[in-house]
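Q: This structure is in structure tokens; I'll ask about it shortly.
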Amino acid sequence: MQKTALITGASSGIGYELAKIFAREGYNLVITARRENRLKPLKEELESTGKITVHIFPADLSKADTPKKLHQFVIENNIPVSVLVNNAGIGDYGLFKDSEWGKLSTMIDLNIKSLTHITHLFIPELLKHPKAYIMNVASTAAFQPGPLMSVYYASKHYVLAFSEAIANELHDNEITVSALCPGPTESEFQDTANMEKSKLFDRFPVATSQEVAEYGFKSLMSGKRVAIYGWMNKISPKFISLVPRAVVTAVVRKIQERND
Ligand SMILES: NC(=O)c1ccc[n+]([C@@H]2O[C@H](COP(=O)([O-])OP(=O)(O)OC[C@H]3O[C@@H](n4cnc5c(N)ncnc54)[C@H](OP(=O)(O)O)[C@@H]3O)[C@@H](O)[C@H]2O)c1
């Protein structure tokens with residue numbers, strides 16, 4: 001039976017590149033995001049090889065009923081999902097006190113609630129396979145507090161902790177769980193998070209979405225529970241653990257502050 005990967009946030013950036021990689025590796029796909037006009041051409045491109053089938057599910061995953069609808073779509077179409085990639089996520093740059101509640105609330109719903117609900121709904125499907133995989137896209141933001149993006153950093157702490165915990169629980173069930181932790185990466189994220197002028201992207205090496213996705217795929221398949229992209233990003237959590245937390249937090253704020 002051909003394997004199927006379900007990828008959220010596949011209309012751009014890391015998710016888009018992950019879709020191309022899973023297709024290359026012979027997986028059928030279910031791809032989801034809000035922009036149908038991005039998912040359709042990707043489906044056509046990936047199916048043009050004649051080797052795989054791509055289902056698209058355009059939807060807003062921050063809405064409470066979407067995870068159930070997505071699950072229902074997969075069940076009704078009899079799609080045997082053995083890989084779940086929870087990639088969709090957004091950020092928001094600015095002081096917490098000045099942030100718009102609507103955007104913060106959507107971020108929590110998307111980055112935390114929807115990711116958790118989808119995982120919960122799909123574990124029974126994954127358990128039907130002798131070997132299954134979950135990739136949750138966290139971030140290097142998961143390792144320290146992030147002034148000026150406080151809710152985003154905290155949401156990624158959640159994704160990392162949740163992933164490590166269920167990796168432990170699901171190990172005996174032959175489900176590999178990997179938390180992918182990219183550092184700054186070229187994608188549409190900077191624009192949607194309103195952080196194009198943050199020093200983070202000026203002063204630190206910026207990976208391409210393709211590089212991150214290739215690393216994420218390899219890490220997932222090799223069973224890496226916490227997959228941090230890039231050597232600087234890898235040593236940073238070790239260094240951070242040696243420094244007082246208030247100092248780390250102050251440094252992150254400096255890094256996040258705009259140039260102007
Ligand atoms: N870029 C970075 O520097 C960086 C660093 C660390 C971690 N990450 C994480 O990597 C993941 C992918 O981000 P990216 O960098 O590839 O950014 P991106 O290019 O902005 O991609 C985000 C994806 O999420 C989808 N999405 C956003 N809101 C959604 C919603 N309400 N419902 C359904 N889908 C939604 C977007 O599609 P639609 O707009 O079509 O819905 C898009 O496909 C995120 O979890 C992000 O936190 C990014």
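Here's how to read the names in the structure tokens: chain A, B, ... by the order shown, residue numbers from 1 in each chain, ligand numbers from 1 in the order shown.
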So that I can check the secondary structure, give me every residue of segment 10-163 of chain A assigned strand (DSSP E or B) by backbone DSSP, as a short mmCIF file (atom, residue, chain, number, x, y, z; two decimals) with C-alpha atoms, in the first residue's frame.
A:
```cif
data_model
loop_
_atom_site.label_atom_id
_atom_site.label_comp_id
_atom_site.auth_asym_id
_atom_site.auth_seq_id
_atom_site.Cartn_x
_atom_site.Cartn_y
_atom_site.Cartn_z
CA ASN A 28 0.60 10.35 -1.56
CA LEU A 29 -0.41 13.58 0.10
CA VAL A 30 -3.17 15.42 1.87
CA ILE A 31 -2.20 19.09 1.87
CA THR A 32 -4.04 21.80 3.73
CA ALA A 33 -3.86 25.58 4.26
CA VAL A 54 -2.61 14.65 -3.87
CA HIS A 55 -5.78 15.59 -1.98
CA ILE A 56 -6.28 19.23 -1.09
CA PHE A 57 -8.25 20.45 1.90
CA PRO A 58 -8.45 24.26 1.90
CA VAL A 81 -2.45 8.53 6.62
CA SER A 82 0.75 7.19 8.19
CA VAL A 83 2.64 10.51 8.45
CA LEU A 84 1.26 13.63 10.11
CA VAL A 85 3.14 16.91 9.68
CA ASN A 86 1.83 19.72 11.88
CA ALA A 132 4.03 5.88 11.58
CA TYR A 133 5.45 9.37 12.03
CA ILE A 134 4.49 12.75 13.48
CA MET A 135 6.48 15.89 12.77
CA ASN A 136 5.56 18.96 14.78
CA VAL A 137 7.19 22.16 13.61
#
```
Q: Around ligand 1, out to 6 Å and counting only C-alpha atoms and all ligand atoms, which residues are there? I want them as a list in words.
A: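 Within the 6 Å cut-off, the matching residues are Gly9, Ala10, Ser11, Ser12, Gly13, Ile14, Gly15, Ala33, Arg34, Arg35, Ala59, Asp60, Leu61, Ser62, Asn87, Ala88, Gly89, Ile90, Val137, Ala138, Ser139, Pro182, Gly183, Pro184, Thr185, Glu186, Ser187, Glu188 and Phe189 of chain A.
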Q: So, counting only C-alpha atoms, which residue among A:Val248, A:Ile175, A:Leu148, A:Ile75 is closest to Pro130 of chain A?
A: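 Among the listed residues, A:Ile175 lies closest to Pro130 of chain A.
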Q: Compile the contact shell of segment 223-240 of chain A as a VMD selection string: residues with an atom at most 7 Å away, counting only C-alpha atoms, same-chain residues fewer than 4 positions apart removed.
A: chain A and resid 140 143 164 167 176 to 183 212 215 to 216 219 248
Q: Write out the residues from the selection above, keeping C-alpha atoms, as a PDB file, in the first residue's frame.
A:
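Final output, saved to result_1.pdb:
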```
ATOM      1  CA  THR A 140      14.455  27.617  18.174  1.00  0.00           C
ATOM      2  CA  PHE A 143      14.231  27.250  24.121  1.00  0.00           C
ATOM      3  CA  GLU A 164       8.822  15.261  23.523  1.00  0.00           C
ATOM      4  CA  ALA A 167       7.368  10.857  21.643  1.00  0.00           C
ATOM      5  CA  THR A 176       8.082   8.297  15.833  1.00  0.00           C
ATOM      6  CA  VAL A 177       7.529  11.890  16.953  1.00  0.00           C
ATOM      7  CA  SER A 178       9.956  14.611  15.955  1.00  0.00           C
ATOM      8  CA  ALA A 179       9.919  18.305  16.866  1.00  0.00           C
ATOM      9  CA  LEU A 180      11.551  20.274  14.065  1.00  0.00           C
ATOM     10  CA  CYS A 181      13.192  23.431  15.425  1.00  0.00           C
ATOM     11  CA  PRO A 182      14.222  25.807  12.650  1.00  0.00           C
ATOM     12  CA  GLY A 183      15.981  29.102  13.318  1.00  0.00           C
ATOM     13  CA  VAL A 212      15.025  23.190   6.644  1.00  0.00           C
ATOM     14  CA  TYR A 215      16.715  18.370   7.322  1.00  0.00           C
ATOM     15  CA  GLY A 216      13.280  17.911   8.918  1.00  0.00           C
ATOM     16  CA  SER A 219      15.496  13.839  11.066  1.00  0.00           C
ATOM     17  CA  VAL A 248      18.963  35.374  28.240  1.00  0.00           C
TER      18      VAL A 248
END
```
Q: Show which residues sit within 12 Å of Ile112 of chain A, as a VMD selection string. Count only C-alpha atoms, and ignore same-chain residues fewer than 3 positions away.
A: chain A and resid 61 to 62 64 86 to 90 104 to 109 115 to 119 136 to 138 151 to 163
Q: What gap, in Å, lies between atom CA of Tyr27 of chain A and atom CA of Thr4 of chain A?
A: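 Rounded to one decimal, the two atoms are 5.1 Å apart.
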Q: Using only C-alpha atoms, which residue out of A:Thr49, A:Asn77, A:Thr8, A:Gln144 lies closest to Arg245 of chain A?
A: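 Counting only C-alpha atoms, the residue closest to Arg245 of chain A is A:Gln144.
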Q: For segment 18-82 of chain A versus segment 122-125 of chain A, which residues have an atom no more than 12 Å away, and what is each residue's nearest atom pair and distance in Å rounded to one decimal, using only C-alpha atoms, chain-then-number order, as JSON lines?
A:
```
{"residue": "A:Pro67", "atom": "CA", "partner": "A:Phe122", "partner_atom": "CA", "distance": 9.6}
{"residue": "A:Lys68", "atom": "CA", "partner": "A:Phe122", "partner_atom": "CA", "distance": 9.9}
{"residue": "A:Leu70", "atom": "CA", "partner": "A:Phe122", "partner_atom": "CA", "distance": 9.9}
{"residue": "A:His71", "atom": "CA", "partner": "A:Phe122", "partner_atom": "CA", "distance": 7.1}
{"residue": "A:Gln72", "atom": "CA", "partner": "A:Phe122", "partner_atom": "CA", "distance": 10.4}
{"residue": "A:Phe73", "atom": "CA", "partner": "A:Phe122", "partner_atom": "CA", "distance": 11.9}
{"residue": "A:Val74", "atom": "CA", "partner": "A:Phe122", "partner_atom": "CA", "distance": 9.6}
{"residue": "A:Ile75", "atom": "CA", "partner": "A:Glu125", "partner_atom": "CA", "distance": 8.9}
{"residue": "A:Asn78", "atom": "CA", "partner": "A:Glu125", "partner_atom": "CA", "distance": 10.6}
{"residue": "A:Ile79", "atom": "CA", "partner": "A:Glu125", "partner_atom": "CA", "distance": 9.5}
{"residue": "A:Pro80", "atom": "CA", "partner": "A:Glu125", "partner_atom": "CA", "distance": 7.3}
{"residue": "A:Val81", "atom": "CA", "partner": "A:Glu125", "partner_atom": "CA", "distance": 6.5}
{"residue": "A:Ser82", "atom": "CA", "partner": "A:Glu125", "partner_atom": "CA", "distance": 7.2}
```
Q: Between A:Leu170, A:Lys128, A:Ala213, A:Thr192, which one has atoms that come closest to Tyr16 of chain A, using only C-alpha atoms?
A: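 Nearest to Tyr16 of chain A: A:Ala213.
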